[in-house]
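Structure first, then comments.
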Amino acid sequence: MDILLNVLADKKINESITISGSKSESNRLLILQKLFPEISIENLSDSDDSVHMQHALSTNDEIVDISHAGTAMRFLTSYFAANNGRETVLTGSERMQNRPVEILVNALKDLGTTITYEDKVGYPPIRIQGTKITKDKVQIHGNVSSQYISSLLLIAAKLENGLEIELIGKITSVPYIKMTLSLLTQLGIENSFEGNIIKVYPKKEIQKQTVVVESDWSSASYFYSIIALADVGSEINLSAYKKESLQGDSCLAEIYQHFGVQTTFGENSINLKKVKVSAKETLEIDLKNAPDIAQTIAITCFAEGIACNLSGLHTLKIKETDRLVALHDELSKLGAIISVTDISLHLEKSLVINENIAIKTYNDHRMAMAFAPLALRVPIKILNAEVVTKSYQKFWEDMQQIGIKIGSL
Ligand SMILES: O=C(O)C1=C[C@@H](OP(=O)(O)O)[C@@H](O)[C@H](O)C1
Ligand SMILES: C=C(OP(=O)(O)O)C(=O)O
């Protein structure tokens with residue numbers, strides 16, 4: 001589905017939108033619920049990635065295909081490895097077969113499990129022989145993906161002796177590790193994270209309880225971008241959000257102050273309001289703690305004619321697409337002066353935005369969603385717009401609600 005986005009001139013936005021549950025929290029809780037059936041989940045994400053996770057956890061098939069879902073691939077690797085007696089081939093989309101899992105697989109092998117590669121060493125598909133894990137100490141590198149660490153943490157309490165993980169080297173996307181540990185704490189599972197050592201203590205059963213998933217902050221980023229580009233006085237209410245979030249992407253509230261967006265926390269919602277024009281100084285941010293909002297921020301800067309230097313982007317090359325190359329190529333077509341390295345992005349201040357450019361999305365939901373707010377400036381085409389469902393089912397419906405007109409190409 002290729003679409004053309006447009007807006008009516010001078011529209012001041014004043015809308016309320018409800019966003020589905022966090023994909024990251026949901027995919028953790030689905031694994032935990034399988035291990036601890038005492039858990040009930042409310043406001044579960046309706047994303048494709050969470051649907052794939054639910055299906056993978058309910059099937060007895062030998063081959064389990066999780067499509068593009070990175071968290072499902074990584075979290076299920078440990079889950080199946082600890083599933084004594086079961087043999088599973090875990091696979092995914094063509095892109096998933098080029099997203100690395102070797103660091104996690106090696107850690108699980110060190111714990112005594114048997115995992116082999118069906119095709120390319122280091123990448124899915126992998127064949128997992130479920131084993132009873134009795135070892136309780138493992139080392140793992142933390143600089144490639146935090147998902148490997150969360151994966152081990154999610155099964156840790158159900159291992160006979162719990163688990164002590166020693167993190168080696170620099171650690172990336174730390175808030176996601178803390179999210180996993182906070183969820184364990186909330187469920188009554190004892191754990192600690194001191195220096196580079198994480199410990200999770202064994203727990204057979206937990207109290208029966210309901211966990212309410214906060215809505216997805218990465219999805220909220222597109223509304224931050226829209227309000228940043230909208231007229232002063234425009235506002236959007238988003239629910240259901242809270243001030244004490246487990247999601248690192250809640251740093252959006254602070255970052256978007258640069259663009260004159262004020263965030264007010266309500267009972268169960270946030271109000272985003274454009275209170276002044278964007279600051280014109282170069283935006284310098286390290287996004288190693290919040291990689292999923294890099295695309296949104298780069299495009300907001302471009303639309304607002306603000307230069308930026310984004311660093312800490314070393315994980316972007318192994319996400320749904322190489323996001324650094326994709327941003328470079330698509331923003332250049334719009335007229336941006338942009339350069340990227342393997343870990344950073346530099347964007348010059350620009351005054352012109354080319355109209356009617358067709359943006360390629362490379363099977364990456366965030367490419368489609370991050371470019372959509374540019375419709376507030378120029379007519380823009382988004383190719384394969386259906387990719388958004390990986391994390392946000394009703395994204396285009398919600399765009400129409402805030403006044404973006406969508407036509408087919
Ligand atoms: O644990 C999680 O839920 C996630 C961790 C991050 O991945 P990396 O740790 O690979 O950066 C993030 O980009 C991804 O969207 C979700
Ligand atoms: C990187 C992402 O997801 P995953 O790694 O779970 O595929 C994302 O949602 O931006």
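Identifiers for the structure tokens are assigned positionally: chains receive A, B, ... in sequence, residues are indexed from 1 per chain, and ligands are indexed from 1 in the order shown.
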
At most 6 Å from ligand 1 (only C-alpha atoms and all ligand atoms): residue list as a ChimeraX atom specification: /A:24,71,145-147,173,176,291-292,315

With N, CA and C atoms retained, could you export that selection as a PDB file, in the first residue's frame?
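Final output, result28.pdb:
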ATOM      1  N   SER A  24       7.365  -3.495  24.231  1.00  0.00           N
ATOM      2  CA  SER A  24       8.469  -4.061  25.022  1.00  0.00           C
ATOM      3  C   SER A  24       7.952  -4.669  26.326  1.00  0.00           C
ATOM      4  N   THR A  71      12.332  -8.663  19.615  1.00  0.00           N
ATOM      5  CA  THR A  71      12.202  -9.095  21.016  1.00  0.00           C
ATOM      6  C   THR A  71      11.699 -10.534  21.080  1.00  0.00           C
ATOM      7  N   SER A 145      23.266  -5.751  21.821  1.00  0.00           N
ATOM      8  CA  SER A 145      21.822  -5.624  22.052  1.00  0.00           C
ATOM      9  C   SER A 145      21.494  -5.971  23.501  1.00  0.00           C
ATOM     10  N   SER A 146      20.708  -5.125  24.133  1.00  0.00           N
ATOM     11  CA  SER A 146      20.278  -5.404  25.511  1.00  0.00           C
ATOM     12  C   SER A 146      19.251  -6.529  25.538  1.00  0.00           C
ATOM     13  N   GLN A 147      18.657  -6.807  24.371  1.00  0.00           N
ATOM     14  CA  GLN A 147      17.628  -7.863  24.320  1.00  0.00           C
ATOM     15  C   GLN A 147      18.188  -9.222  24.734  1.00  0.00           C
ATOM     16  N   SER A 173      21.478   0.359  25.545  1.00  0.00           N
ATOM     17  CA  SER A 173      20.026   0.326  25.777  1.00  0.00           C
ATOM     18  C   SER A 173      19.691  -0.095  27.216  1.00  0.00           C
ATOM     19  N   TYR A 176      16.170  -0.653  28.921  1.00  0.00           N
ATOM     20  CA  TYR A 176      15.403  -1.869  28.618  1.00  0.00           C
ATOM     21  C   TYR A 176      15.764  -3.007  29.578  1.00  0.00           C
ATOM     22  N   PRO A 291      17.348   4.182  21.462  1.00  0.00           N
ATOM     23  CA  PRO A 291      17.637   4.116  20.021  1.00  0.00           C
ATOM     24  C   PRO A 291      16.395   4.209  19.128  1.00  0.00           C
ATOM     25  N   ASP A 292      15.227   3.799  19.648  1.00  0.00           N
ATOM     26  CA  ASP A 292      14.051   3.717  18.776  1.00  0.00           C
ATOM     27  C   ASP A 292      13.459   5.075  18.409  1.00  0.00           C
ATOM     28  N   THR A 315      23.499   0.715  17.502  1.00  0.00           N
ATOM     29  CA  THR A 315      22.605  -0.450  17.319  1.00  0.00           C
ATOM     30  C   THR A 315      21.686  -0.282  16.094  1.00  0.00           C
TER      31      THR A 315
END

Near-segment 204-221 of chain A list (7 Å; only C-alpha atoms; drop same-chain fewer than 2 positions) as a VMD selection string: chain A and resid 19 to 23 25 to 26 36 38 to 44 158 187 to 188 202 223 to 225 239 to 241 247 249 to 250 252 292 to 293 296

Residue with smallest distance to Lys12 of chain A - pool A:Met367, A:Leu376, A:Met53, A:Leu238, counting only C-alpha atoms: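 Among the listed residues, A:Leu376 lies closest to Lys12 of chain A.
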
Using only C-alpha atoms, which residues sit within 8 Å of segment 132-139 of chain A once same-chain residues fewer than 3 positions away are excluded, as a CSV table (one decimal) with C-alpha atoms, in the first residue's frame?
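Generated file (selection.csv):
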chain,number,residue,atom,x,y,z
A,82,ALA,CA,15.2,-23.9,29.0
A,83,ASN,CA,12.1,-25.8,27.8
A,84,ASN,CA,13.4,-29.3,28.8
A,107,ALA,CA,25.8,-17.5,26.6
A,110,ASP,CA,27.8,-21.8,28.2
A,111,LEU,CA,24.8,-22.5,30.5
A,112,GLY,CA,24.8,-26.1,29.1
A,113,THR,CA,22.1,-25.9,26.3
A,159,LEU,CA,16.0,-21.8,36.7
A,160,GLU,CA,16.8,-24.2,39.6
A,161,ASN,CA,19.4,-21.9,41.1
A,162,GLY,CA,18.4,-18.5,39.6
A,163,LEU,CA,21.1,-16.7,37.6
A,164,GLU,CA,24.0,-14.4,38.0
A,165,ILE,CA,25.0,-12.5,34.8
A,166,GLU,CA,28.3,-10.7,34.4
A,167,LEU,CA,28.1,-8.0,31.8
A,168,ILE,CA,31.2,-7.5,29.8

Cut-off 6 Å, only C-alpha atoms and all ligand atoms, neighbours of ligand 2 as an mmCIF file with C-alpha atoms, in the first residue's frame:
data_model
loop_
_atom_site.group_PDB
_atom_site.id
_atom_site.type_symbol
_atom_site.label_atom_id
_atom_site.label_comp_id
_atom_site.auth_asym_id
_atom_site.auth_seq_id
_atom_site.Cartn_x
_atom_site.Cartn_y
_atom_site.Cartn_z
ATOM 1 C CA HIS A 68 10.200 -9.254 12.042
ATOM 2 C CA ALA A 69 9.864 -9.296 15.856
ATOM 3 C CA GLY A 70 13.333 -8.804 17.396
ATOM 4 C CA THR A 71 12.202 -9.095 21.016
ATOM 5 C CA ASP A 292 14.051 3.717 18.776
ATOM 6 C CA LYS A 319 17.421 -3.105 13.535
ATOM 7 C CA GLU A 320 14.516 -3.724 11.089
#

Residue list (strand (DSSP E or B), DSSP) for segment 107-348 of chain A, as an NGL selection string: :A and (114-117 or 126-129 or 137-141 or 163-168 or 191-194 or 197-200 or 209-212 or 215 or 235-239 or 261-265 or 269-274 or 283-286 or 308-311 or 338-340 or 345-347)

For Asn98 of chain A: contacts at 9 Å, only C-alpha atoms, fewer than 6 positions along chain excluded, given as a PyMOL selection string: chain A and resi 120+122-124+318

May I have the selected residues written with N, CA and C atoms, as a CSV table (one decimal), in the first residue's frame?
chain,number,residue,atom,x,y,z
A,120,LYS,N,23.2,-19.7,8.4
A,120,LYS,CA,24.5,-18.9,8.6
A,120,LYS,C,24.8,-18.9,10.1
A,122,GLY,N,25.6,-17.7,13.6
A,122,GLY,CA,25.4,-16.4,14.3
A,122,GLY,C,24.1,-15.8,14.0
A,123,TYR,N,23.3,-16.4,13.1
A,123,TYR,CA,22.0,-15.8,12.7
A,123,TYR,C,20.9,-16.9,12.7
A,124,PRO,N,19.6,-16.4,12.9
A,124,PRO,CA,18.5,-17.3,12.8
A,124,PRO,C,18.5,-17.8,11.3
A,318,ILE,N,21.6,-2.7,13.0
A,318,ILE,CA,21.0,-4.1,13.0
A,318,ILE,C,19.6,-4.2,13.5

Those in segment 83-323 of chain A with alpha helix (DSSP H) from DSSP, as an MDAnalysis selection string: chainID A and resid 102:110 147:156 174:187 217:229 252:255 294:304 323

Could you name the residues that touch Met73 of chain A at 10 Å or less, counting only C-alpha atoms, but leaving out those on the same chain fewer than 6 positions away, as a PDB file with N, CA and C atoms, in the first residue's frame?
ATOM      1  N   ASP A  49       4.156  -7.661  16.506  1.00  0.00           N
ATOM      2  CA  ASP A  49       5.227  -8.337  17.264  1.00  0.00           C
ATOM      3  C   ASP A  49       4.688  -9.068  18.483  1.00  0.00           C
ATOM      4  N   HIS A  52       2.781 -12.159  17.239  1.00  0.00           N
ATOM      5  CA  HIS A  52       3.728 -13.248  16.933  1.00  0.00           C
ATOM      6  C   HIS A  52       4.222 -13.916  18.219  1.00  0.00           C
ATOM      7  N   MET A  53       4.468 -13.113  19.232  1.00  0.00           N
ATOM      8  CA  MET A  53       4.939 -13.664  20.508  1.00  0.00           C
ATOM      9  C   MET A  53       3.863 -14.585  21.092  1.00  0.00           C
ATOM     10  N   ALA A  56       3.707 -17.818  19.158  1.00  0.00           N
ATOM     11  CA  ALA A  56       4.886 -18.669  19.415  1.00  0.00           C
ATOM     12  C   ALA A  56       4.768 -19.383  20.763  1.00  0.00           C
ATOM     13  N   VAL A  64       8.938 -22.399  14.581  1.00  0.00           N
ATOM     14  CA  VAL A  64       8.252 -21.207  15.079  1.00  0.00           C
ATOM     15  C   VAL A  64       8.821 -19.991  14.340  1.00  0.00           C
ATOM     16  N   ASP A  65       7.925 -19.278  13.633  1.00  0.00           N
ATOM     17  CA  ASP A  65       8.350 -18.148  12.808  1.00  0.00           C
ATOM     18  C   ASP A  65       7.829 -16.852  13.413  1.00  0.00           C
ATOM     19  N   ILE A  66       8.723 -15.973  13.834  1.00  0.00           N
ATOM     20  CA  ILE A  66       8.285 -14.754  14.516  1.00  0.00           C
ATOM     21  C   ILE A  66       8.381 -13.515  13.605  1.00  0.00           C
ATOM     22  N   SER A  67       8.549 -13.761  12.309  1.00  0.00           N
ATOM     23  CA  SER A  67       8.563 -12.670  11.318  1.00  0.00           C
ATOM     24  C   SER A  67       9.633 -11.620  11.634  1.00  0.00           C
ATOM     25  N   LEU A  90      13.685 -21.919  15.613  1.00  0.00           N
ATOM     26  CA  LEU A  90      13.179 -20.552  15.726  1.00  0.00           C
ATOM     27  C   LEU A  90      13.701 -19.755  14.530  1.00  0.00           C
ATOM     28  N   THR A  91      12.743 -19.182  13.782  1.00  0.00           N
ATOM     29  CA  THR A  91      13.132 -18.450  12.580  1.00  0.00           C
ATOM     30  C   THR A  91      12.296 -17.177  12.431  1.00  0.00           C
ATOM     31  N   GLY A  92      12.612 -16.408  11.393  1.00  0.00           N
ATOM     32  CA  GLY A  92      11.886 -15.158  11.179  1.00  0.00           C
ATOM     33  C   GLY A  92      12.013 -14.710   9.738  1.00  0.00           C
ATOM     34  N   MET A  96      15.207 -10.782   9.636  1.00  0.00           N
ATOM     35  CA  MET A  96      15.533 -11.383  10.933  1.00  0.00           C
ATOM     36  C   MET A  96      16.691 -12.370  10.785  1.00  0.00           C
ATOM     37  N   ARG A  99      19.807 -10.543  11.441  1.00  0.00           N
ATOM     38  CA  ARG A  99      19.983  -9.834  12.717  1.00  0.00           C
ATOM     39  C   ARG A  99      20.662 -10.808  13.693  1.00  0.00           C
ATOM     40  N   VAL A 101      22.368 -13.184  16.600  1.00  0.00           N
ATOM     41  CA  VAL A 101      21.948 -13.768  17.888  1.00  0.00           C
ATOM     42  C   VAL A 101      23.106 -14.507  18.563  1.00  0.00           C
ATOM     43  N   PRO A 124      19.618 -16.427  12.915  1.00  0.00           N
ATOM     44  CA  PRO A 124      18.492 -17.346  12.759  1.00  0.00           C
ATOM     45  C   PRO A 124      18.453 -17.838  11.297  1.00  0.00           C
ATOM     46  N   PRO A 125      17.804 -18.972  11.024  1.00  0.00           N
ATOM     47  CA  PRO A 125      17.126 -19.859  11.969  1.00  0.00           C
ATOM     48  C   PRO A 125      18.109 -20.642  12.857  1.00  0.00           C
ATOM     49  N   GLN A 147      18.657  -6.807  24.371  1.00  0.00           N
ATOM     50  CA  GLN A 147      17.628  -7.863  24.320  1.00  0.00           C
ATOM     51  C   GLN A 147      18.188  -9.222  24.734  1.00  0.00           C
ATOM     52  N   TYR A 148      19.484  -9.464  24.466  1.00  0.00           N
ATOM     53  CA  TYR A 148      20.095 -10.738  24.856  1.00  0.00           C
ATOM     54  C   TYR A 148      20.064 -10.876  26.378  1.00  0.00           C
ATOM     55  N   SER A 151      16.575 -11.320  27.702  1.00  0.00           N
ATOM     56  CA  SER A 151      16.152 -12.686  27.385  1.00  0.00           C
ATOM     57  C   SER A 151      16.545 -13.659  28.509  1.00  0.00           C
TER      58      SER A 151
END

Surrounding residues of Asn60 of chain A excluding itself and chain neighbours under 3 positions, 10 Å, only C-alpha atoms, as a PyMOL selection string: chain A and resi 55-57+63-64+86-88

Test item: residues at most 10 Å from Gln393 of chain A, only C-alpha atoms, excluding those fewer than 6 positions along its chain, as a VMD selection string: chain A and resid 19 to 20 45 to 48 386 to 387

Pick from A:Asp2, A:Glu330, A:Glu62, A:Glu284, whichever lies nearest to Asn309 of chain A using only C-alpha atoms: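 For Asn309 of chain A, the nearest of the given residues is A:Glu284.
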
Shortest interatomic distance to Thr172 of chain A - which of A:Val275, A:Leu313, A:Ala81, A:Ile155, counting only C-alpha atoms: A:Leu313
